[in-house]
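> Next comes the structure file target_15.cif, holding mmCIF, C-alpha atoms.
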```cif
data_entry
loop_
_atom_site.label_atom_id
_atom_site.label_comp_id
_atom_site.auth_asym_id
_atom_site.auth_seq_id
_atom_site.Cartn_x
_atom_site.Cartn_y
_atom_site.Cartn_z
CA MET A 236 -54.84 110.35 -82.72
CA THR A 237 -58.31 110.88 -84.19
CA ILE A 238 -59.91 114.20 -83.25
CA GLU A 239 -63.63 114.80 -83.66
CA THR A 240 -65.46 117.98 -82.70
CA ILE A 241 -69.00 118.78 -81.63
CA LEU A 242 -69.60 122.41 -82.58
CA THR A 243 -73.09 123.06 -81.21
CA PRO A 244 -75.29 121.98 -78.29
CA ALA A 245 -77.73 120.49 -80.80
CA GLU A 246 -75.16 117.71 -81.16
CA SER A 247 -74.54 117.39 -77.42
CA PRO A 248 -76.76 114.32 -76.90
CA ALA A 249 -74.38 112.47 -79.22
CA PRO A 250 -71.71 111.70 -76.60
CA ALA A 251 -74.23 110.02 -74.32
CA GLN A 252 -75.38 107.84 -77.22
CA ARG A 253 -71.99 106.43 -78.19
CA ASP A 254 -69.33 104.27 -76.61
CA LEU A 255 -66.78 106.70 -75.17
CA ARG A 256 -64.88 104.25 -73.01
CA ALA A 257 -61.69 104.76 -75.05
CA THR A 258 -62.25 108.48 -75.69
CA ALA A 259 -60.94 111.62 -74.04
CA CYS A 260 -63.59 114.35 -74.13
CA VAL A 261 -62.45 117.95 -73.84
CA VAL A 262 -65.22 120.43 -73.02
CA PHE A 263 -65.01 124.14 -73.82
CA ASP A 264 -67.30 126.79 -72.40
CA ILE A 265 -64.90 129.68 -72.69
CA LEU A 266 -67.37 132.41 -71.67
CA ARG A 267 -67.43 131.27 -69.02
CA ALA A 268 -67.98 127.95 -67.23
CA THR A 269 -64.79 126.03 -68.01
CA SER A 270 -62.68 129.18 -67.64
CA THR A 271 -64.28 129.68 -64.22
CA PHE A 272 -63.78 126.09 -63.11
CA VAL A 273 -60.11 126.15 -64.07
CA THR A 274 -59.63 129.44 -62.22
CA ALA A 275 -61.34 128.11 -59.09
CA LEU A 276 -59.10 125.05 -59.07
CA GLN A 277 -56.02 127.17 -59.63
CA ASN A 278 -57.05 129.21 -56.59
CA GLY A 279 -57.36 126.19 -54.38
CA ALA A 280 -60.92 124.92 -54.75
CA GLN A 281 -61.07 121.27 -53.76
CA ALA A 282 -63.64 120.27 -56.38
CA ILE A 283 -66.29 121.62 -58.73
CA ILE A 284 -69.47 119.60 -59.16
CA PRO A 285 -71.21 120.53 -62.43
CA VAL A 286 -74.97 119.99 -62.39
CA SER A 287 -77.52 120.71 -65.07
CA GLU A 288 -80.30 122.33 -63.07
CA ILE A 289 -80.64 124.85 -60.25
CA SER A 290 -82.68 122.33 -58.27
CA GLU A 291 -79.78 119.84 -58.36
CA ALA A 292 -77.38 122.41 -56.91
CA VAL A 293 -79.84 123.30 -54.14
CA ALA A 294 -80.37 119.61 -53.33
CA LEU A 295 -76.61 119.15 -52.97
CA ARG A 296 -76.43 122.08 -50.56
CA LYS A 297 -79.20 120.55 -48.44
CA LYS A 298 -77.34 117.24 -48.24
CA GLN A 299 -73.93 118.83 -47.75
CA PRO A 300 -74.26 122.26 -46.09
CA ALA A 301 -70.56 123.03 -46.59
CA VAL A 302 -70.93 122.94 -50.38
CA LEU A 303 -70.96 126.40 -51.94
CA LEU A 304 -73.28 127.18 -54.84
CA ALA A 305 -72.33 128.85 -58.10
CA GLY A 306 -74.18 129.48 -61.32
CA GLU A 307 -75.87 131.74 -63.80
CA ARG A 308 -78.85 132.05 -66.03
CA ASP A 309 -78.59 134.45 -68.96
CA GLY A 310 -75.12 135.30 -67.70
CA VAL A 311 -76.31 136.64 -64.34
CA LYS A 312 -75.79 135.15 -60.86
CA ILE A 313 -78.66 133.00 -59.58
CA ARG A 314 -80.73 134.70 -56.90
CA ALA A 315 -83.11 133.45 -54.24
CA ALA A 316 -86.18 134.03 -56.40
CA GLN A 317 -84.85 131.48 -58.91
CA SER A 318 -83.70 128.86 -56.44
CA GLY A 319 -86.38 128.50 -53.81
CA GLY A 320 -84.96 131.06 -51.42
CA ILE A 321 -81.19 130.55 -51.65
CA ASP A 322 -78.87 133.24 -52.97
CA PHE A 323 -75.97 131.50 -54.71
CA ASP A 324 -72.50 132.17 -53.33
CA PHE A 325 -70.97 132.81 -56.75
CA GLY A 326 -72.12 133.68 -60.21
CA ASN A 327 -70.11 132.48 -63.18
CA SER A 328 -67.36 135.08 -63.32
CA PRO A 329 -63.90 133.57 -62.93
CA ARG A 330 -62.80 136.73 -61.13
CA GLU A 331 -65.13 135.88 -58.23
CA PHE A 332 -63.33 132.64 -57.44
CA THR A 333 -60.44 134.01 -55.44
CA SER A 334 -58.29 131.91 -53.13
CA GLN A 335 -59.97 133.58 -50.17
CA LYS A 336 -63.45 132.56 -51.28
CA ALA A 337 -62.83 129.30 -53.14
CA GLY A 338 -59.77 127.87 -51.43
CA GLY A 339 -60.44 124.46 -49.92
CA LYS A 340 -64.11 124.52 -50.94
CA THR A 341 -66.31 122.15 -52.88
CA ILE A 342 -68.54 124.12 -55.24
CA ALA A 343 -71.66 122.93 -57.05
CA SER A 344 -72.17 124.87 -60.26
CA THR A 345 -74.96 125.11 -62.79
CA THR A 346 -74.71 127.14 -65.98
CA THR A 347 -76.80 127.49 -69.07
CA ASN A 348 -74.67 125.30 -71.34
CA GLY A 349 -71.29 124.36 -69.90
CA THR A 350 -72.32 122.08 -67.08
CA ARG A 351 -74.76 120.23 -69.36
CA ALA A 352 -71.98 119.62 -71.88
CA LEU A 353 -69.76 118.17 -69.18
CA ARG A 354 -72.50 115.89 -67.90
CA ALA A 355 -73.18 114.63 -71.44
CA CYS A 356 -69.62 113.26 -71.53
CA ALA A 357 -69.87 111.31 -68.28
CA GLY A 358 -69.30 107.94 -69.98
CA ALA A 359 -65.91 108.87 -71.47
CA LYS A 360 -62.57 107.44 -70.40
CA THR A 361 -61.46 110.96 -69.50
CA VAL A 362 -63.40 114.23 -69.35
CA LEU A 363 -61.40 117.45 -69.24
CA ALA A 364 -62.54 121.03 -68.67
CA ALA A 365 -60.46 123.26 -70.93
CA SER A 366 -60.02 126.95 -71.58
CA PHE A 367 -57.48 129.28 -73.10
CA LEU A 368 -56.18 129.67 -69.54
CA ASN A 369 -54.92 126.07 -69.39
CA LEU A 370 -54.83 125.07 -73.05
CA GLY A 371 -51.15 124.18 -73.19
CA ALA A 372 -51.32 121.99 -70.10
CA THR A 373 -54.39 120.22 -71.51
CA ALA A 374 -52.63 119.57 -74.83
CA LYS A 375 -49.55 118.24 -73.06
CA PHE A 376 -51.70 115.85 -71.00
CA LEU A 377 -53.48 114.52 -74.10
CA GLN A 378 -50.17 113.93 -75.86
CA GLN A 379 -48.54 112.24 -72.89
CA LYS A 380 -51.48 109.89 -72.33
CA LYS A 381 -51.49 108.98 -76.05
CA PHE A 382 -55.27 108.88 -76.42
CA ALA A 383 -56.29 107.29 -79.71
CA GLU A 384 -59.63 109.13 -79.78
CA VAL A 385 -60.29 112.71 -78.69
CA LEU A 386 -63.69 114.39 -78.81
CA LEU A 387 -63.81 118.17 -78.47
CA VAL A 388 -67.15 119.44 -77.18
CA CYS A 389 -68.08 123.09 -77.67
CA ALA A 390 -70.77 124.02 -75.16
CA GLY A 391 -72.21 126.76 -77.37
CA THR A 392 -74.89 129.34 -76.69
CA GLY A 393 -78.49 128.22 -76.37
CA GLU A 394 -78.77 125.66 -79.15
CA GLY A 395 -76.27 127.46 -81.40
CA VAL A 396 -72.55 127.67 -81.91
CA ALA A 397 -70.37 129.90 -79.71
CA LEU A 398 -67.48 131.40 -81.66
CA GLU A 399 -65.19 131.57 -78.64
CA ASP A 400 -65.58 127.84 -77.99
CA VAL A 401 -64.76 127.03 -81.61
CA LEU A 402 -61.69 129.27 -81.46
CA ALA A 403 -60.39 127.48 -78.36
CA ALA A 404 -61.09 124.05 -79.83
CA GLY A 405 -59.29 125.07 -83.00
CA ALA A 406 -56.33 126.34 -81.00
CA LEU A 407 -56.07 122.99 -79.22
CA VAL A 408 -56.25 121.14 -82.53
CA GLU A 409 -53.46 123.33 -83.88
CA ILE A 410 -51.23 122.38 -80.95
CA LEU A 411 -52.02 118.68 -81.24
CA SER A 412 -51.51 118.50 -85.00
CA ARG A 413 -48.24 120.38 -85.33
CA ASP A 414 -44.81 118.87 -85.84
CA SER A 415 -43.14 120.71 -82.95
CA ASP A 416 -42.40 119.17 -79.57
CA PRO A 417 -45.80 118.29 -78.02
CA LEU A 418 -44.38 118.70 -74.53
CA THR A 419 -43.86 122.44 -75.03
CA PRO A 420 -47.06 123.61 -76.72
CA THR A 421 -47.75 127.27 -77.46
CA LEU A 422 -50.34 129.19 -79.42
CA SER A 423 -47.75 130.59 -81.80
CA PRO A 424 -47.89 129.72 -85.51
CA LEU A 425 -48.34 126.65 -86.94
CA GLY A 426 -47.02 123.41 -88.21
CA ARG A 427 -48.86 120.92 -90.32
CA GLY A 428 -48.46 117.73 -88.36
CA GLU A 429 -49.46 114.42 -89.90
CA GLY A 430 -50.06 112.58 -86.65
CA ALA A 431 -53.69 113.57 -86.09
CA LYS A 432 -56.71 112.53 -88.14
CA LEU A 433 -59.19 115.38 -88.15
CA SER A 434 -62.92 115.18 -88.84
CA ASP A 435 -64.52 117.87 -91.01
CA SER A 436 -65.91 119.67 -87.97
CA THR A 437 -62.45 119.59 -86.39
CA GLN A 438 -60.95 121.13 -89.51
CA ILE A 439 -63.60 123.85 -89.35
CA ALA A 440 -62.54 124.68 -85.80
CA GLN A 441 -58.85 124.64 -86.67
CA ARG A 442 -59.28 126.85 -89.73
CA THR A 443 -61.49 129.24 -87.79
CA PHE A 444 -58.73 129.66 -85.24
CA LEU A 445 -56.03 130.07 -87.88
CA SER A 446 -58.01 132.71 -89.74
CA ALA A 447 -58.48 134.68 -86.51
CA GLN A 448 -55.06 134.07 -84.98
CA SER A 449 -53.46 137.31 -86.14
CA ASN A 450 -56.21 139.36 -84.47
CA LEU A 451 -57.65 136.91 -81.98
CA SER A 452 -58.71 139.49 -79.42
CA ALA A 453 -60.93 141.38 -81.87
CA THR A 454 -62.55 138.20 -83.17
CA PHE A 455 -63.08 136.86 -79.66
CA SER A 456 -64.53 140.16 -78.42
CA GLY A 457 -66.93 140.26 -81.36
CA SER A 458 -68.60 136.98 -80.43
CA GLN A 459 -72.19 137.02 -79.23
CA ASN A 460 -71.32 136.04 -75.66
CA ALA A 461 -68.47 138.53 -75.45
CA ARG A 462 -70.68 141.37 -76.67
CA ARG A 463 -73.29 140.47 -74.05
CA LEU A 464 -70.73 140.46 -71.24
CA LEU A 465 -69.09 143.66 -72.44
CA ALA A 466 -72.47 145.37 -72.12
CA ILE A 467 -72.65 144.50 -68.39
CA PRO A 468 -70.24 146.77 -66.50
CA GLU A 469 -69.51 144.35 -63.68
CA LEU A 470 -68.82 141.47 -66.09
CA ARG A 471 -67.01 143.13 -68.99
CA ASP A 472 -63.56 142.35 -67.59
CA ASP A 473 -64.35 138.64 -67.84
CA VAL A 474 -63.84 138.80 -71.60
CA ALA A 475 -60.19 139.83 -71.45
CA PHE A 476 -59.60 137.51 -68.49
CA CYS A 477 -60.88 134.44 -70.36
CA LEU A 478 -58.75 135.15 -73.42
CA GLN A 479 -55.48 134.94 -71.50
CA SER A 480 -53.31 132.16 -72.85
CA ASP A 481 -51.70 129.47 -70.71
CA ILE A 482 -51.56 131.38 -67.44
CA PHE A 483 -52.44 128.23 -65.46
CA ASP A 484 -50.38 125.06 -65.67
CA LEU A 485 -53.09 122.66 -64.61
CA VAL A 486 -55.34 119.94 -65.96
CA ALA A 487 -58.96 119.77 -64.77
CA GLU A 488 -60.58 116.35 -64.96
CA MET A 489 -64.11 115.25 -64.14
CA GLY A 490 -63.96 112.01 -62.18
CA THR A 491 -66.38 109.12 -62.17
CA ASP A 492 -68.11 110.74 -59.18
CA GLY A 493 -68.99 113.74 -61.36
CA ALA A 494 -66.64 116.19 -59.62
CA ILE A 495 -63.95 118.17 -61.43
CA ARG A 496 -60.58 118.25 -59.72
CA ARG A 497 -57.09 119.40 -60.48
CA ILE A 498 -55.05 116.33 -61.42
CA LEU A 499 -51.84 118.08 -62.52
#
```
Turn the structure described in the file into structure tokens.

Amino acid sequence: MTIETILTPAESPAPAQRDLRATACVVFDILRATSTFVTALQNGAQAIIPVSEISEAVALRKKQPAVLLAGERDGVKIRAAQSGGIDFDFGNSPREFTSQKAGGKTIASTTTNGTRALRACAGAKTVLAASFLNLGATAKFLQQKKFAEVLLVCAGTGEGVALEDVLAAGALVEILSRDSDPLTPTLSPLGRGEGAKLSDSTQIAQRTFLSAQSNLSATFSGSQNARRLLAIPELRDDVAFCLQSDIFDLVAEMGTDGAIRRIL
């Protein structure tokens, strides 16, 4: 297995410009898009449709009135003034997507970075939405399917790196590269597996995770996005929620129709 990593959104056009037909792309937007999508699917959402722009989400609602709308700009739920008169049903907090609200629903979502990163990978053989919440299940899937090429895509913040995305990517690399049984992955310490070939950017992610592993919560909470959320009373609990490890045993895959569904 060869594992490459895109660390910043400045590199995000790269997937669309290369042949990904044999590649599994794994997208991380830990705070918060991919964490939210995984939570919604765990709570019974039928599908999540990631779109890049607010106007795309609104257009979907007009075509399919049953579709619910979710999204944020600058971390805050999209309001009618931003969307031509429609208040979105959800923001981007995973805690909003309860079984009562999301169960059985198709949800169109637009976020600042995460949905764009997912769309950039549309030509890949497989596109997965990953988070700390379902990291072990994602690793197990990648191992079982024996992908020769894996591309980890960190959604980032603005045009820059997001520490929490790099930490999650590094944690996944650590699972995939260790010698222990790949069917029972954990985030506990480490083995130096020889089976994976890691690019320099992938090694950066892995070493970042390993250096933070002993005090992951403090490092995670000190990231730019975490500090911003912690300063908003109604969103501060999202930080601790999104750092939970392997609480969901599911794999979230974006199909050829552009919708993310639970496949396992």
> With distances taken over all atoms listed in the file, which of A:Ala365, A:Leu470, A:Cys356, A:Ala440 is nearest to Ser270 in chain A?
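Ranking A:Ala365, A:Leu470, A:Cys356, A:Ala440 by distance to Ser270 in chain A, first place goes to A:Ala365.
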> Around the point (-60.5, 119.5, -60.0) in the file's coordinates, collect all residues with an atom within 10 Å, using only C-alpha atoms, and return them as a PDB file with C-alpha atoms, in the coordinates of the input.

```pdb
ATOM      1  CA  PHE A 272     -63.780 126.090 -63.110  1.00  0.00           C
ATOM      2  CA  VAL A 273     -60.110 126.150 -64.070  1.00  0.00           C
ATOM      3  CA  ALA A 275     -61.340 128.110 -59.090  1.00  0.00           C
ATOM      4  CA  LEU A 276     -59.100 125.050 -59.070  1.00  0.00           C
ATOM      5  CA  GLN A 277     -56.020 127.170 -59.630  1.00  0.00           C
ATOM      6  CA  GLY A 279     -57.360 126.190 -54.380  1.00  0.00           C
ATOM      7  CA  ALA A 280     -60.920 124.920 -54.750  1.00  0.00           C
ATOM      8  CA  GLN A 281     -61.070 121.270 -53.760  1.00  0.00           C
ATOM      9  CA  ALA A 282     -63.640 120.270 -56.380  1.00  0.00           C
ATOM     10  CA  ILE A 283     -66.290 121.620 -58.730  1.00  0.00           C
ATOM     11  CA  ILE A 284     -69.470 119.600 -59.160  1.00  0.00           C
ATOM     12  CA  THR A 341     -66.310 122.150 -52.880  1.00  0.00           C
ATOM     13  CA  LEU A 363     -61.400 117.450 -69.240  1.00  0.00           C
ATOM     14  CA  ALA A 364     -62.540 121.030 -68.670  1.00  0.00           C
ATOM     15  CA  LEU A 485     -53.090 122.660 -64.610  1.00  0.00           C
ATOM     16  CA  VAL A 486     -55.340 119.940 -65.960  1.00  0.00           C
ATOM     17  CA  ALA A 487     -58.960 119.770 -64.770  1.00  0.00           C
ATOM     18  CA  GLU A 488     -60.580 116.350 -64.960  1.00  0.00           C
ATOM     19  CA  MET A 489     -64.110 115.250 -64.140  1.00  0.00           C
ATOM     20  CA  GLY A 490     -63.960 112.010 -62.180  1.00  0.00           C
ATOM     21  CA  ALA A 494     -66.640 116.190 -59.620  1.00  0.00           C
ATOM     22  CA  ILE A 495     -63.950 118.170 -61.430  1.00  0.00           C
ATOM     23  CA  ARG A 496     -60.580 118.250 -59.720  1.00  0.00           C
ATOM     24  CA  ARG A 497     -57.090 119.400 -60.480  1.00  0.00           C
ATOM     25  CA  ILE A 498     -55.050 116.330 -61.420  1.00  0.00           C
ATOM     26  CA  LEU A 499     -51.840 118.080 -62.520  1.00  0.00           C
TER      27      LEU A 499
END
```
> Using the chain letters and numbers from the file, give me the residues hit by the PyMOL selection byres ((chain A and resi 271) around 9), as a PyMOL selection string.
chain A and resi 265-270+272-276+327-332+366+477
> Compare A:Gln379, A:Thr240, A:Gln479, A:Gln317 by their minimum atom-to-atom distance to Ser452 in chain A, counting all atoms listed in the file, and give me the closest one.
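Smallest distance to Ser452 in chain A is found for A:Gln479.
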> Between CA of Gly310 in chain A and CA of Thr454 in chain A, what is the distance in Å, rounded to a tenth?
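CA of Thr454 in chain A lies 20.1 Å from CA of Gly310 in chain A.
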> I need the residue nearest Leu353 in chain A from this list: A:Phe263, A:Phe376, A:Phe382, A:Phe367. Use only C-alpha atoms for the distance.
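Checking each of A:Phe263, A:Phe376, A:Phe382, A:Phe367 against Leu353 in chain A, counting only C-alpha atoms, the winner is A:Phe263.
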> I'd like to know which of A:Ile410, A:Val474, A:Ala447, A:Val261 is closest to Gly371 in chain A, using only C-alpha atoms.
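Under the stated criterion, the closest residue is A:Ile410.
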> Take CA of Ala301 in chain A and CA of Gln335 in chain A and report the distance between them in Å, one decimal.
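Computed distance, CA of Ala301 in chain A to CA of Gln335 in chain A, equals 15.4 Å.
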> Care to translate the PyMOL selection byres ((chain A and resi 313) around 9) into actual residues of this file, as a PyMOL selection string?
chain A and resi 289+305-308+311-312+314-318+321-326
> Mind pulling up the distance from CA of Ala259 in chain A to CA of Val302 in chain A?
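These atoms are spaced 28.1 Å apart.
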> Specify as a PDB file with C-alpha atoms, in the coordinates of the input each residue included when the PyMOL selection byres ((chain A and resi 459) around 9) is applied to this file.

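Dumped to out-v2.pdb:
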```pdb
ATOM      1  CA  THR A 392     -74.890 129.340 -76.690  1.00  0.00           C
ATOM      2  CA  ALA A 397     -70.370 129.900 -79.710  1.00  0.00           C
ATOM      3  CA  LEU A 398     -67.480 131.400 -81.660  1.00  0.00           C
ATOM      4  CA  GLU A 399     -65.190 131.570 -78.640  1.00  0.00           C
ATOM      5  CA  SER A 456     -64.530 140.160 -78.420  1.00  0.00           C
ATOM      6  CA  GLY A 457     -66.930 140.260 -81.360  1.00  0.00           C
ATOM      7  CA  SER A 458     -68.600 136.980 -80.430  1.00  0.00           C
ATOM      8  CA  ASN A 460     -71.320 136.040 -75.660  1.00  0.00           C
ATOM      9  CA  ALA A 461     -68.470 138.530 -75.450  1.00  0.00           C
ATOM     10  CA  ARG A 462     -70.680 141.370 -76.670  1.00  0.00           C
ATOM     11  CA  ARG A 463     -73.290 140.470 -74.050  1.00  0.00           C
ATOM     12  CA  LEU A 464     -70.730 140.460 -71.240  1.00  0.00           C
TER      13      LEU A 464
END
```
> Using only C-alpha atoms, which of A:Asp309, A:Asn278, A:Ala352, A:Arg253 sits nearest Ser334 in chain A?
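So, comparing all the options, the nearest one is A:Asn278.
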> Considering all atoms listed in the file, return as a list of chain:residue names whatever protein or nucleic-acid residues lie within 8 Å of Gly395 in chain A, sequence-local ones (same chain, fewer than 3 positions apart) excluded.
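The filter keeps A:Thr243, A:Pro244, A:Ala245, A:Gly391, A:Thr392.
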> Measuring atom to atom with all atoms listed in the file, identify which of A:Ile241, A:Cys260, A:Cys389, A:Ala466 is nearest to Asn348 in chain A.
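So, comparing all the options, the nearest one is A:Cys389.
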> N, CA and C atoms are needed for range 465-477 of chain A; please write them out as a PDB file, in the coordinates of the input.

```
ATOM      1  N   LEU A 465     -69.661 142.316 -72.370  1.00  0.00           N
ATOM      2  CA  LEU A 465     -69.090 143.660 -72.440  1.00  0.00           C
ATOM      3  C   LEU A 465     -70.123 144.739 -72.170  1.00  0.00           C
ATOM      4  N   ALA A 466     -71.389 144.409 -72.371  1.00  0.00           N
ATOM      5  CA  ALA A 466     -72.470 145.370 -72.120  1.00  0.00           C
ATOM      6  C   ALA A 466     -72.891 145.418 -70.659  1.00  0.00           C
ATOM      7  N   ILE A 467     -72.339 144.528 -69.823  1.00  0.00           N
ATOM      8  CA  ILE A 467     -72.650 144.500 -68.390  1.00  0.00           C
ATOM      9  C   ILE A 467     -71.433 144.986 -67.644  1.00  0.00           C
ATOM     10  N   PRO A 468     -71.461 146.179 -67.081  1.00  0.00           N
ATOM     11  CA  PRO A 468     -70.240 146.770 -66.500  1.00  0.00           C
ATOM     12  C   PRO A 468     -69.490 145.865 -65.544  1.00  0.00           C
ATOM     13  N   GLU A 469     -70.199 145.161 -64.675  1.00  0.00           N
ATOM     14  CA  GLU A 469     -69.510 144.350 -63.680  1.00  0.00           C
ATOM     15  C   GLU A 469     -68.934 143.056 -64.242  1.00  0.00           C
ATOM     16  N   LEU A 470     -69.297 142.709 -65.484  1.00  0.00           N
ATOM     17  CA  LEU A 470     -68.820 141.470 -66.090  1.00  0.00           C
ATOM     18  C   LEU A 470     -67.904 141.689 -67.286  1.00  0.00           C
ATOM     19  N   ARG A 471     -67.747 142.903 -67.750  1.00  0.00           N
ATOM     20  CA  ARG A 471     -67.010 143.130 -68.990  1.00  0.00           C
ATOM     21  C   ARG A 471     -65.555 142.682 -68.906  1.00  0.00           C
ATOM     22  N   ASP A 472     -64.959 142.754 -67.716  1.00  0.00           N
ATOM     23  CA  ASP A 472     -63.560 142.350 -67.590  1.00  0.00           C
ATOM     24  C   ASP A 472     -63.365 140.842 -67.727  1.00  0.00           C
ATOM     25  N   ASP A 473     -64.454 140.088 -67.637  1.00  0.00           N
ATOM     26  CA  ASP A 473     -64.350 138.640 -67.840  1.00  0.00           C
ATOM     27  C   ASP A 473     -63.869 138.290 -69.237  1.00  0.00           C
ATOM     28  N   VAL A 474     -64.199 139.109 -70.216  1.00  0.00           N
ATOM     29  CA  VAL A 474     -63.840 138.800 -71.600  1.00  0.00           C
ATOM     30  C   VAL A 474     -62.330 138.756 -71.767  1.00  0.00           C
ATOM     31  N   ALA A 475     -61.655 139.810 -71.349  1.00  0.00           N
ATOM     32  CA  ALA A 475     -60.190 139.830 -71.450  1.00  0.00           C
ATOM     33  C   ALA A 475     -59.562 138.754 -70.564  1.00  0.00           C
ATOM     34  N   PHE A 476     -60.145 138.523 -69.393  1.00  0.00           N
ATOM     35  CA  PHE A 476     -59.600 137.510 -68.490  1.00  0.00           C
ATOM     36  C   PHE A 476     -59.606 136.137 -69.165  1.00  0.00           C
ATOM     37  N   CYS A 477     -60.720 135.782 -69.790  1.00  0.00           N
ATOM     38  CA  CYS A 477     -60.880 134.440 -70.360  1.00  0.00           C
ATOM     39  C   CYS A 477     -60.078 134.227 -71.632  1.00  0.00           C
TER      40      CYS A 477
END
```
